[in-house]
Structures are given as C-alpha cells and as structure tokens.
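Here is the structure we will look at.
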Amino acid sequence: MATLELVGVRKSFGSVQVLHGIDLSVADGEMVVIVGASGCGKSTLLRIVAGLETPTEGRVLIDGRDVTPLEPADRDIAMVFQNYALYPHMSVFDNMAYGLKIRRVPRAEIRRRVQETAELLGISSLLDRRPRQLSGGQRQRVAMGRAIVREPRLFLFDEPLSNLDAKLRVQMRAEIRRLQKRLGVTSLFVTHDQTEAMTLGDRLVVMHQGRAAQIATPMEVWARPADTYVAGFIGSPAMNFLDATLAEEGRAAALAAGPVLRFADGPRPGPEGRRIVVGVRPEHVHAAPGDEGGLPLAIELAEPLGSETVLHGRLPGGESFTARLPGAAAPQAGAVLPLRLPADTLHIFDAETGLRLDPRA
Amino acid sequence: MRRRVIFRGKLLPYLLLAPQIAVTLVFFFWPAGQAIRQSVLREDPFGLSSEFVGLENFREVLSDPLYLNAVWNTAVFSTSVAALALGAALFLAVLADKSIRGAGVYKTLLIWPYAVAPAVAAVLWLFLFHPAIGLFGRALNAAGIAWDFKLNGAQAMLLVIFASAWKQVSYNFIFFLAGLQSIPRSVLEAAAIDGARPARRFWTVVFPLLSPTTFFLLVVNLTYAFFDTFGVIHALTGGGPGKATETLIYKVYVDGVQNLNLGGSSAQSVILMAIVIALTAVQFRYVERRVHY
Ligand SMILES: Nc1ncnc2c1ncn2[C@@H]1O[C@H](COP(=O)(O)OP(=O)(O)OP(=O)(O)O)[C@@H](O)[C@H]1O
Ligand SMILES: [Mg+2]
C-alpha cells in the first residue's frame with residue numbers, strides 16, 4: 001500500500017518532447033486510469049513510474065520517498081503488460097513464483113502464496129502449463145497473478161485488456177476492479193478505451209499530447225470536461241461542437257447556425273461577440289415539439305440500436321451533428337428533424353484556447 | 001501458399017537436377033564408397049595388389065595408441081573450440097544487442113573473420129604468435145613466459161584452439177545476435193520489475209530462451225571442430241610438435257597421404273563418417289523442432 005506522486009515529469013526522446021510536465025498524486029489504494037489517444041505518452045508515463053525509462057525532468061515519489069534514481073527492481077511495483085510478457089520457458093507456477101524467489105521468500109510460503117493467488121484468479125488447474133499452452137484470457141490472468149502474488153506497493157497496468165475479445169474484456173474489467181478494491185493496492189491503469197476508463201477509475205487522467213488535460217473523477221470529467229479535447233474524447237457518440245459568439249451580455253450564445261441559446265447557469269465572462277464553442281452531448285438533444293421551431297437537422301444516416309437511435313446529419317450551416325434519441329421509431333435518412341438543445345446541458349468553451357468557460361461567480 | 005512449378009515431360013527435371021547429382025556422386029558418394037571399400041582391404045607394400053581383410057583395419061586402428069591419442073586430442077580440441085567460440089560469441093552478441101553507438105561498424109567487423117580462409121587465418125595467427133617474429137609471441141617471451149608452440153605441445157594445442165575458435169566466433173555471433181533480438185523486450189522488462197538484476201536476468205531468462213540457438217550452434221561448432229579445422233592445424237602446427245595437435249581428421253591425412261596406409265586411413269574415414277552422420281542426425285532430430293521450452 002502506498003501513495004504515488006509525480007512532480008513535473010517531463011520526457012524527451014532525442015529532440016522530441018513526449019511528456020510536457022505531468023503532476024499527479026495518487027492516494028493510497030486509489031485506482032487512477034490514464035486515458036488518451038494513441039501516442040499521447042501514456043505508456044511512457046507508466047514506464048517512468050516503473051523505472052523502465054528515466055524522466056528528463058521531474059521526480060517520482062512513492063510513499064513520499066523519491067524513487068527517481070532507483071532501478072525497477074528496487075521500487076517494489078508490479079506491472080501487467082499489454083502482451084502479458086510471460087516468461088515463455090517457465091510454467092505458470094514458475095512465472096508467478098519468479099519474483100518471490102528473487103526476494104528469497106521461503107519455498108513453502110511461495111507455494112502457499114502462488115496457490116492462493118491462483119485460486120483467487122481461477123487458474124489453479126493451469127499451474128503446470130507453459131504460457132504457449134494457454135488462451136489469451138488465461139495468459140491475462142497469469143499476468144495478473146504474477147503481479148498480485150508479489151503483494152507490491154503499486155500496480156501498473158498498460159492496456160492489459162486490449163488483446164482480449166469484447167466479451168472477455170468486459171468480464172476481466174469487472175474482475176480487475178473487484179480485485180483491486182479487495183486488495184486495496186494503489187494502481188495506475190493505462191487505456192485508450194473510454195468505457196474502460198470510466199468504469200475502472202476512481203479518477204481519470206485524460207492525456208492529450210503529453211499533457212494532463214484533466215484529472216478528475218469519471219463523472220466530473222463527463223459532466224464538466226475541462227476543454228474541448230476532453231469533451232470530445234469522453235462520451236460516445238462524441239459531443240457536438242457548434243461555433244457561436246457570446247451574446248446578451250454573456251447570458252446567451254448566438255450560434256453561427258442562427259438560433260440564440262440562453263444559458264441556464266449564469267453569464268459567461270468576456271465581451272459580447274467573444275468567439276466561443278458550444279458543446280452538447282448527442283444524448284441530451286431532444287426532438288423539438290412541433291410548434292417550437294428548433295434547430296433543423298438534415299438527417300444523413302440513422303442507426304437504430306433498438307432501445308435508441310443515433311442520427312447523423314448536418315445543420316443548416318453545414319456543421320455535422322449527432323443526436324441520440326430514445327426508441328427505434330425515429331425519422332429516416334433524408335428527413336429534416338427540428339432539435340431542441342436544453343439550456344442546462346450546454347458546455348461552453350473558449351474558441352481560442354478550447355478551455356471550459358464557467359459562469360461568472 | 002507455395003507455388004508449384006510443373007514441368008512437362010520426364011527428362012527436363014532430371015536434366016535440371018543432373019549437375020547437383022553429379023557433384024554429389026563424384027565428390028561424395030564415390031569417395032565415400034571408395035573409403036568403405038578400402039577400409040576392408042589391405043594393400044601390399046608396393047601397392048600392386050590388395051586382399052580382403054574384413055574388419056582387421058578397424059581393429060588395428062582402434063587398438064593403436066596413436067589413434068587413441070588422436071581421439072583424446074580431438075575431444076580436448078573440439079570441446080575447447082566449441083566452448084570458446086560459443087562463449088566469446090555470446091558475450092559479444094550480448095554487448096552488440098545493447099544499443100551502442102557504432103553498433104553497425106562493430107557488427108560488421110565481428111563478421112569479418114568468417115570470410116577469411118582457414119589457411120589465411122592460420123598464417124595470421126602464426127605471424128602473431130611466432131616465438132621469434134610474432135608480435136604476441138615476442139611479448140610473451142619478453143614477459144618471461146617460455147613461449148614456443150613449435151616445441152611445447154600444450155602451447156601448440158592452445159594456439160590451434162584459439163585460431164579455430166576465432167574463425168567460428170563470427171558465425172555464432174550472428175546466430176546469437178538474432179536469437180537475442182527475438183527475445184521480446186517486455187519479457188526482460190517484466191523480469192527487471194520482478195526484481196531480477198542484469199546477471200540474474202541473463203541466466204534465468206535470456207540464456208534459457210537462447211537454448212535452441214545454443215544447441216544448434218553447439219552441434220555446428222562440434223562438426224566444424226571435427227572436420228573443418230584441417231587447414232588451420234595443417235598451416236599452424238602440422239599436427240605437431242610430435243603428435244600433440246594431431247586430431248582425427250588430421251591423422252586420416254597423415255596416415256593416408258603421407259604414410260600411404262590406405263586401409264587404416266580409410267577405416268578412420270569410415271569412423272569419422274559415422275560420427276558426422278550421427279551429429280547430423282542429432283541436429284535434424286532436435287533442431288528441426290525449434291521450440292525447446
Ligand atoms: N524509445 C522511444 N524512442 C523514441 N520515441 C519514443 C520512444 N518510446 C515512445 N516514443 C514516442 O513517444 C510518444 C508516446 O509514446 P507512448 O508509447 O507513450 O504512447 P501511448 O500513449 O502509450 O500510445 P499507445 O496508446 O499507442 O500505446 C510516441 O510518439 C512515440 O513515438
Ligand atoms: Mg502504450
């Protein structure tokens with residue numbers, strides 16, 4: 001059990017800067033998920049925590065102690081790799097026992113701990129097999145077992161589920177969460193899958209081009225995204241963005257498409273005419289009642305999913321727009337549907353910086 | 001999918017294979033047959049007639065103390081050459097596997113010795129270690145070590161071992177390097193995180209994962225030391241001093257070509273042939289199944 005702290009971590013490979021100063025502190029027993037698009041530096045960050053890469057600048061502290069100069073072996077952490085990285089020439093038992101043997105744990109205790117862990121993961125019957133005799137899901141469990149059995153201070157997961165099929169992924173996701181809660185080990189989990197991020201993490205770090213765009217709980221990230229990148233990344237289908245300017249002394253947004261939307265939660269700062277971006281999630285959009293008018297959506301594609309229908313289309317200004325409406329009886333492609341954007345679901349961002357604009361206090 | 005080429009007619013395929021078959025027949029099967037025939041015959045001193053003696057030649061060879069000396073020499077020589085060539089190559093490959101500056105040049109230089117003909121390699125070593133004119137030979141003598149491989153059998157053996165191993169290091173190096181590079185980096189990283197230091201990682205992860213390569217190379221190196229080192233020995237020591245560096249293959253030459261004991265020499269050849277067949281069989285049997293872990 002431990003706390004983890006990253007202070008101003010930067011990393012460059014040659015002249016390419018990959019991490020631009022990451023600060024993060026993880027509480028004891030917390031599960032923090034690092035999520036972001038491919039190539040944003042998630043693995044690099046995790047490997048710096050593991051000691052497999054040295055940061056160009058900044059420090060890594062475990063339990064308040066600076067471990068930046070320490071070798072991976074001295075950090076007492078365990079890592080689950082995307083390709084599992086099991087030792088191909090060792091049995092499952094030996095794979096799990098390897099780290100314990102190195103730490104000179106007595107034989108009897110190694111046996112006991114490996115068996116207990118195997119039981120916990122339901123792989124007791126596989127202990128004599130070699131990794132190549134296992135299925136992907138079983139390998140995944142062994143990799144987990146190898147990490148758990150060491151009882152490390154910190155778990156690191158680098159996309160451990162991405163090689164599994166969809167069903168198994170959901171199952172393992174739940175299992176990892178259950179195990180992590182039960183063992184109470186501080187964990188960092190890297191993924192590019194937002195569902196995984198939302199369901200697994202106590203908190204998320206949404207990374208974008210080597211920076212932490214937002215660090216918050218999943219619900220906070222979803223409800224109050226810090227900038228347009230986070231807003232577009234979290235949520236599926238992705239949030240719609242509409243160009244607008246500030247109007248009515250900051251109390252409303254005048255959409256480029258025409259309508260003026262009043263804010264429900266108070267005026268935004270800045271001069272009238274300030275360029276802003278209005279974000280609205282597809283699931284917050286309603287079909288406008290016949291007499292109201294609303295924003296006309298020219299539907300280009302309707303995806304009926306049974307309980308709901310996803311509509312893709314264009315607004316009069318040509319912006320593409322997605323709406324998610326309940327039920328299957330929705331209009332077809334070619335139709336024009338007037339939409340209502342509820343005032344209390346709007347997200348307002350600055351057009352230049354992309355940062356969230358909150359109401360004036 | 002493999003592409004299959006189908007020739008019309010019966011003659012063309014045979015014609016295409018003919019050169020290969022001819023070479024094999026003329027340079028392998030015919031001499032091998034001759035050796036087997038000669039090994040059960042004994043020629044009279046003038047080489048005018050020969051008589052059938054059954055396994056007499058083999059009995060004589062196997063009870064000859066000089067032959068047993070050659071067996072012993074071969075054992076010492078082959079094991080040392082294989083051990084030295086494998087050890088050195090593995091060490092160099094591990095160094096080359098690290099991403100070092102100038103790795104390309106380093107690798108190229110390491111591969112050169114393989115391209116050098118055995119006789120040339122031997123002359124090189126001769127010049128380096130000649131007691132009177134060799135760079136190292138003189139240095140050794142200057143340092144108070146009585147170095148003269150023309151007189152000291154143990155030193156002669158040492159020299160042919162080093163010269164032979166040196167030539168084989170390149171070959172082993174290439175295979176070891178390929179083997180090392182096929183070990184997934186994440187497996188080594190997992191071991192590092194599990195707490196293993198570099199030395200331990202090497203012996204518990206890298207070396208076991210290299211075992212198929214090592215085994216393959218062991219067989220290849222033994223075969224090399226047994227049969228392909230004639231040139232080196234011939235140019236460096238000529239089997240001497242005395243019989244100190246006379247290996248089995250060298251003795252075949254001495255007995256057959258110099259002493260004209262065709263029957264005995266042929267019997268030795270047949271024994272060597274049996275050994276090479278056995279080694280090849282071992283290689284095929286185990287190396288074909290690539291995965292040992
Ligand atoms: N050893 C290295 N040398 C040079 N550049 C590297 C190295 N490792 C990573 N990079 C670069 O750093 C950037 C971030 O890589 P990283 O592996 O951290 O991305 P990631 O977020 O884990 O992506 P993915 O989701 O695809 O795994 C990439 O642009 C990559 O090309
Ligand atoms: Mg990655």
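Each chain of the structure tokens is named A, B, ... in the order shown, its residues numbered from 1; ligands are numbered from 1 in display order.
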
request  = Up to 12 Å from chain A, what residues of chain B turn up? Count only C-alpha atoms and give them as a PyMOL selection string.
outcome  = chain B and resi 183-198+200-201+204-212+291-293

inquiry  = Please list as a PyMOL selection string every residue within 6 Å of Phe349 of chain A, counting only C-alpha atoms and excluding residues in the same chain fewer than 2 positions away.
reply    = chain A and resi 276-277+354-357

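Taking only C-alpha atoms and all ligand atoms into account, ligand 1 has within 6 Å the residues Phe13, Val18, Ala37, Ser38, Gly39, Cys40, Gly41, Lys42, Ser43, Thr44 and His192 of chain A.
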
message = Taking only segment 99-194 of chain A into account, list the residues labelled strand (DSSP E or B) by DSSP (computed from the backbone), as a list in words.
response = Leu154, Phe155, Leu156, Phe157, Asp158, Thr186, Ser187, Leu188, Phe189, Val190 and Thr191 of chain A

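The two atoms in question, atom CA of Asn221 of chain B and atom CA of Asn73 of chain B, are spaced 16.1 Å apart.
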
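Distances from A:Leu183, A:Val170, A:Val26, A:Val190 to ligand 2 were compared using only C-alpha atoms and all ligand atoms, and the smallest one belongs to A:Val190.
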
Helix (DSSP H, G or I) residues, from DSSP on the backbone, in segment 57-227 of chain A, as an NGL selection string = :A and (72-74 or 92-102 or 107-121 or 124-126 or 131-133 or 136-149 or 166-183 or 194-200 or 218-223)

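Closest approach to ligand 2 among A:Phe263, A:Phe157, A:Phe93, A:Phe241: A:Phe157, based on only C-alpha atoms and all ligand atoms.
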